[in-house]
Structures are given as structure tokens and as C-alpha cells.
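Here is the structure we will look at, set down as C-alpha cells.
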Amino acid sequence: MREKKEEGVLGKLDKKKKQKREALFGAAFSLFTSKGIQDTSISDIVKMADMAKGTFYLYFKDKYDLRDKLIVAKTMELFQKAEVESTTQKLPSLEEQVIFIADSVINQLDEDKQLLEFISKNLSWGVFHHVLLTETTEAGGYSFYDRYCELIQESGRTFRNPELMLYMVVELINSTCHNVILMQEPVTLTELKPDLYGVIRDIIRRMER
């Protein structure tokens with residue numbers, strides 16, 4: 001009985017910690033996208049989140065640590081939603097699975113251009129690599145890279161360098177979609193997608209042993 005009570009208390013504490021973390025994330029995202037990271041102070045963030053400044057340091061070292069963890073959280077949300085959607089589809093090949101996930105992520109960013117701007121300005125490969133290899137979301141321990149490796153294993157195929165293959169696909173999407181989504185230049189997103197997905201297929205096939 002005592003153990004159940006202790007588990008209940010711990011559960012409530014974890015929930016409160018998550019709520020505070022999410023409040024800081026929400027305030028930071030609002031300020032970073034409206035004022036910019038350089039012009040946003042920790043005082044600004046905690047004021048908007050309605051909590052003490054000392055609480056901030058229980059979760060983050062500084063605003064740049066918060067920025068990186070916020071990118072991790074936002075990026076994982078995109079991939080997790082895309083991957084969940086893919087499980088409802090009968091996709092015949094690894095190429096089609098990767099393209100379905102890529103298409104979902106691109107569509108989500110097209111619907112949330114503010115998020116696209118934030119991610120494209122601040123997401124370096126170093127941070128993204130960290131996201132893929134080591135970070136998980138708090139809800140369910142989701143790891144996109146683990147799921148990516150599972151998709152390769154399920155395909156029964158082998159590739160020379162799966163991490164490099166993913167890097168090339170991510171960089172291709174990042175470099176081509178930013179201007180197309182925000183300015184519709186040099187083409188619209190609808191016009192871009194067939195050629196973009198054709199190149200992704202070529203990358204996957206070229207990397208196969």
C-alpha cells in the first residue's frame with residue numbers, strides 16, 4: 001500500500017516537472033520566433049512561463065541549452081507523427097516508407113511556417129545527429145533513428161552507410177524545401193515533390209550494397 005502511494009506521489013511529481021518543462025518550451029518558442037534568440041533573455045522566458053528564475057536552471061543550463069532541447073522536442077514531434085501515420089499505410093518498399101515519412105514532415109512544416117523558420121535557422125547536423133542517435137521524447141521514449149534502423153532491417157536489404165544515407169536525405173529536404181515553402185521559389189511545393197522524391201529513391205538505391 002505504501003509503495004503504491006509512493007508511486008502515485010512520484011507520478012504526480014513527474015507530471016508537474018513535465019508541465020513546467022512544457023511551459024518553458026512554450027514561452028521560449030513564442031519569444032524565440034517573435035524576438036529572436038539573441039534578444040530573448042532567461043528573465044523574459046520565465047516571466048512568460050510564470051515561474052521563478054531558479055526553476056529554469058533545474059531544467060536547462062542556459063537559453064542555448066533550452067534552444068537545442070526545444071529543437072529536439074519539436075523535431076521528434078514531427079517525426080513521431082509522421083511515423084505513426086505511416087503505420088496505417090501498406091507501403092511496398094523502404095523507399096516508399098521513407099518518402100511517406102518525408103512527405104508528412106514536409107506537409108507539417110508547410111502548415112506551420114513559423115516552426116519551419118525556427119528549425120531551419122537553428123537545426124545544425126550536429127544537433128540533428130544528437131536527436132537521431134541519443135535523444136527520445138519523454139512520452140513513450142520514441143527514437144526516430146531506432147525506427148529508421150528497424151525499417152531497414154524489415155526491408156531485408158543492406159546499405160553501405162545507413163547514417164550517411166539518412167544525412168543525405170535530410171540535407172536534401174532541408175536545402176530544397178525552405179525557399180519553396182516560404183516563397184514558392186523556384187517552384188511550388190507541389191511541383192518540387194515528384195523530383196525531390198525521385199532523388200530520394202535514387203539515394204537509397206545507390207547506397208544499397
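Just remember, in the C-alpha cells the first chain shown is A, the second B, etc., residues are 1-based per chain, and ligands are 1-based in the order shown.
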*Can you list, as a PyMOL selection string, every protein, DNA or RNA residue that comes within 12 Å of Asp202 (chain A) when you count only C-alpha atoms, leaving out same-chain residues fewer than 4 positions away?*
chain A and resi 95-96+99+165+168-169+195-198+206-208
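Once Leu94 (chain A) and its same-chain neighbours fewer than 6 positions away are set aside, Phe100, Tyr148, Leu151, Ile152, Gln153, Glu154, Ser155, Gly156, Arg157, Arg201, Ile204 and Arg205 of chain A remain within 10 Å of it when counting only C-alpha atoms.
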Could you save the residues just selected, with all heavy atoms, as a compact mmCIF listing (two decimals), in the first residue's frame?
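What ended up in again_0.txt:
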```txt
# COMPACT_ATOMS: atom_id res chain seq x y z
N PHE A 100 7.13 8.50 -47.60
CA PHE A 100 5.88 8.81 -46.88
C PHE A 100 6.18 9.63 -45.63
O PHE A 100 5.49 10.63 -45.37
CB PHE A 100 5.17 7.52 -46.49
CG PHE A 100 3.81 7.75 -45.87
CD1 PHE A 100 2.67 7.75 -46.64
CD2 PHE A 100 3.68 7.99 -44.50
CE1 PHE A 100 1.42 7.98 -46.06
CE2 PHE A 100 2.45 8.22 -43.91
CZ PHE A 100 1.31 8.22 -44.70
N TYR A 148 14.05 4.04 -37.81
CA TYR A 148 14.68 4.04 -39.13
C TYR A 148 15.50 2.76 -39.33
O TYR A 148 15.41 2.11 -40.38
CB TYR A 148 15.56 5.29 -39.25
CG TYR A 148 16.51 5.32 -40.42
CD1 TYR A 148 16.04 5.47 -41.73
CD2 TYR A 148 17.88 5.23 -40.22
CE1 TYR A 148 16.92 5.52 -42.80
CE2 TYR A 148 18.77 5.28 -41.28
CZ TYR A 148 18.28 5.42 -42.57
OH TYR A 148 19.16 5.48 -43.64
N LEU A 151 13.19 -0.13 -39.92
CA LEU A 151 12.66 -0.15 -41.28
C LEU A 151 13.66 -0.79 -42.24
O LEU A 151 13.28 -1.56 -43.12
CB LEU A 151 12.32 1.27 -41.75
CG LEU A 151 11.13 1.95 -41.08
CD1 LEU A 151 11.00 3.39 -41.56
CD2 LEU A 151 9.84 1.18 -41.35
N ILE A 152 14.94 -0.47 -42.05
CA ILE A 152 15.98 -1.06 -42.89
C ILE A 152 16.05 -2.57 -42.66
O ILE A 152 16.11 -3.36 -43.61
CB ILE A 152 17.35 -0.41 -42.62
CG1 ILE A 152 17.35 1.04 -43.13
CG2 ILE A 152 18.48 -1.21 -43.27
CD1 ILE A 152 18.61 1.80 -42.83
N GLN A 153 16.02 -2.96 -41.39
CA GLN A 153 16.07 -4.39 -41.06
C GLN A 153 14.87 -5.13 -41.62
O GLN A 153 15.00 -6.23 -42.17
CB GLN A 153 16.14 -4.56 -39.54
CG GLN A 153 16.39 -6.00 -39.10
CD GLN A 153 16.60 -6.11 -37.60
OE1 GLN A 153 16.34 -5.17 -36.85
NE2 GLN A 153 17.05 -7.26 -37.14
N GLU A 154 13.69 -4.54 -41.51
CA GLU A 154 12.47 -5.16 -42.01
C GLU A 154 12.47 -5.29 -43.53
O GLU A 154 11.83 -6.17 -44.09
CB GLU A 154 11.25 -4.35 -41.57
CG GLU A 154 10.95 -4.45 -40.07
CD GLU A 154 9.96 -3.40 -39.59
OE1 GLU A 154 9.44 -2.64 -40.45
OE2 GLU A 154 9.72 -3.31 -38.37
N SER A 155 13.21 -4.40 -44.20
CA SER A 155 13.29 -4.44 -45.67
C SER A 155 14.10 -5.65 -46.16
O SER A 155 13.97 -6.05 -47.33
CB SER A 155 13.90 -3.16 -46.21
OG SER A 155 15.31 -3.13 -45.98
N GLY A 156 14.96 -6.21 -45.29
CA GLY A 156 15.81 -7.32 -45.68
C GLY A 156 16.97 -6.91 -46.57
O GLY A 156 17.66 -7.76 -47.14
N ARG A 157 17.21 -5.61 -46.66
CA ARG A 157 18.28 -5.10 -47.52
C ARG A 157 19.43 -4.57 -46.66
O ARG A 157 19.25 -4.27 -45.48
CB ARG A 157 17.73 -3.98 -48.42
CG ARG A 157 16.64 -4.47 -49.36
CD ARG A 157 15.71 -3.37 -49.83
NE ARG A 157 16.37 -2.41 -50.70
CZ ARG A 157 15.77 -1.32 -51.18
NH1 ARG A 157 14.51 -1.07 -50.85
NH2 ARG A 157 16.43 -0.49 -51.96
N ARG A 201 14.66 8.39 -53.85
CA ARG A 201 14.71 6.99 -54.29
C ARG A 201 16.09 6.64 -54.83
O ARG A 201 16.64 5.57 -54.54
CB ARG A 201 13.65 6.73 -55.37
CG ARG A 201 12.22 6.73 -54.85
CD ARG A 201 11.24 6.30 -55.96
NE ARG A 201 9.86 6.38 -55.48
CZ ARG A 201 9.08 7.42 -55.61
NH1 ARG A 201 9.53 8.51 -56.24
NH2 ARG A 201 7.84 7.41 -55.14
N ILE A 204 18.69 6.18 -51.97
CA ILE A 204 18.51 4.89 -51.27
C ILE A 204 19.04 3.74 -52.11
O ILE A 204 19.79 2.87 -51.63
CB ILE A 204 17.04 4.68 -50.89
CG1 ILE A 204 16.61 5.73 -49.85
CG2 ILE A 204 16.82 3.27 -50.34
CD1 ILE A 204 15.13 5.73 -49.53
N ARG A 205 18.70 3.73 -53.40
CA ARG A 205 19.15 2.64 -54.27
C ARG A 205 20.67 2.67 -54.48
O ARG A 205 21.30 1.63 -54.52
CB ARG A 205 18.43 2.73 -55.62
CG ARG A 205 16.93 2.37 -55.51
CD ARG A 205 16.16 2.79 -56.74
NE ARG A 205 14.72 2.58 -56.54
CZ ARG A 205 13.79 3.13 -57.29
NH1 ARG A 205 14.13 3.93 -58.30
NH2 ARG A 205 12.51 2.90 -57.05
```
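Closest approach to Asp50 (chain A) among A:Ile106, A:Val72, A:Ala28, A:Ala23 is made by A:Ala23 (distances from only C-alpha atoms).
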_Given only C-alpha atoms as the basis, pick out the residue of A:Lys121, A:Lys35, A:Lys90, A:Lys17 nearest to Asp68 (chain A)._
A:Lys121
*Determine which residues of region 32-201 of chain A DSSP labels as helix (DSSP H, G or I) from the backbone of this structure, then write them out as a VMD selection string.*
chain A and resid 32 to 34 42 to 49 53 to 59 63 to 86 94 to 111 113 to 122 125 to 133 144 to 155 162 to 183 189 to 201
*Residues near region 171-178 of chain A, cut-off 12 Å, only C-alpha atoms, skip fewer than 5 positions along chain, as a PyMOL selection string*: chain A and resi 98-99+101-103+105-107+109-110+113-125+128-129+164-166+183-193+195-200+203
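Closest approach to Glu83 (chain A) among A:Lys69, A:Pro194, A:Glu150, A:Val170 is made by A:Glu150 (distances from only C-alpha atoms).
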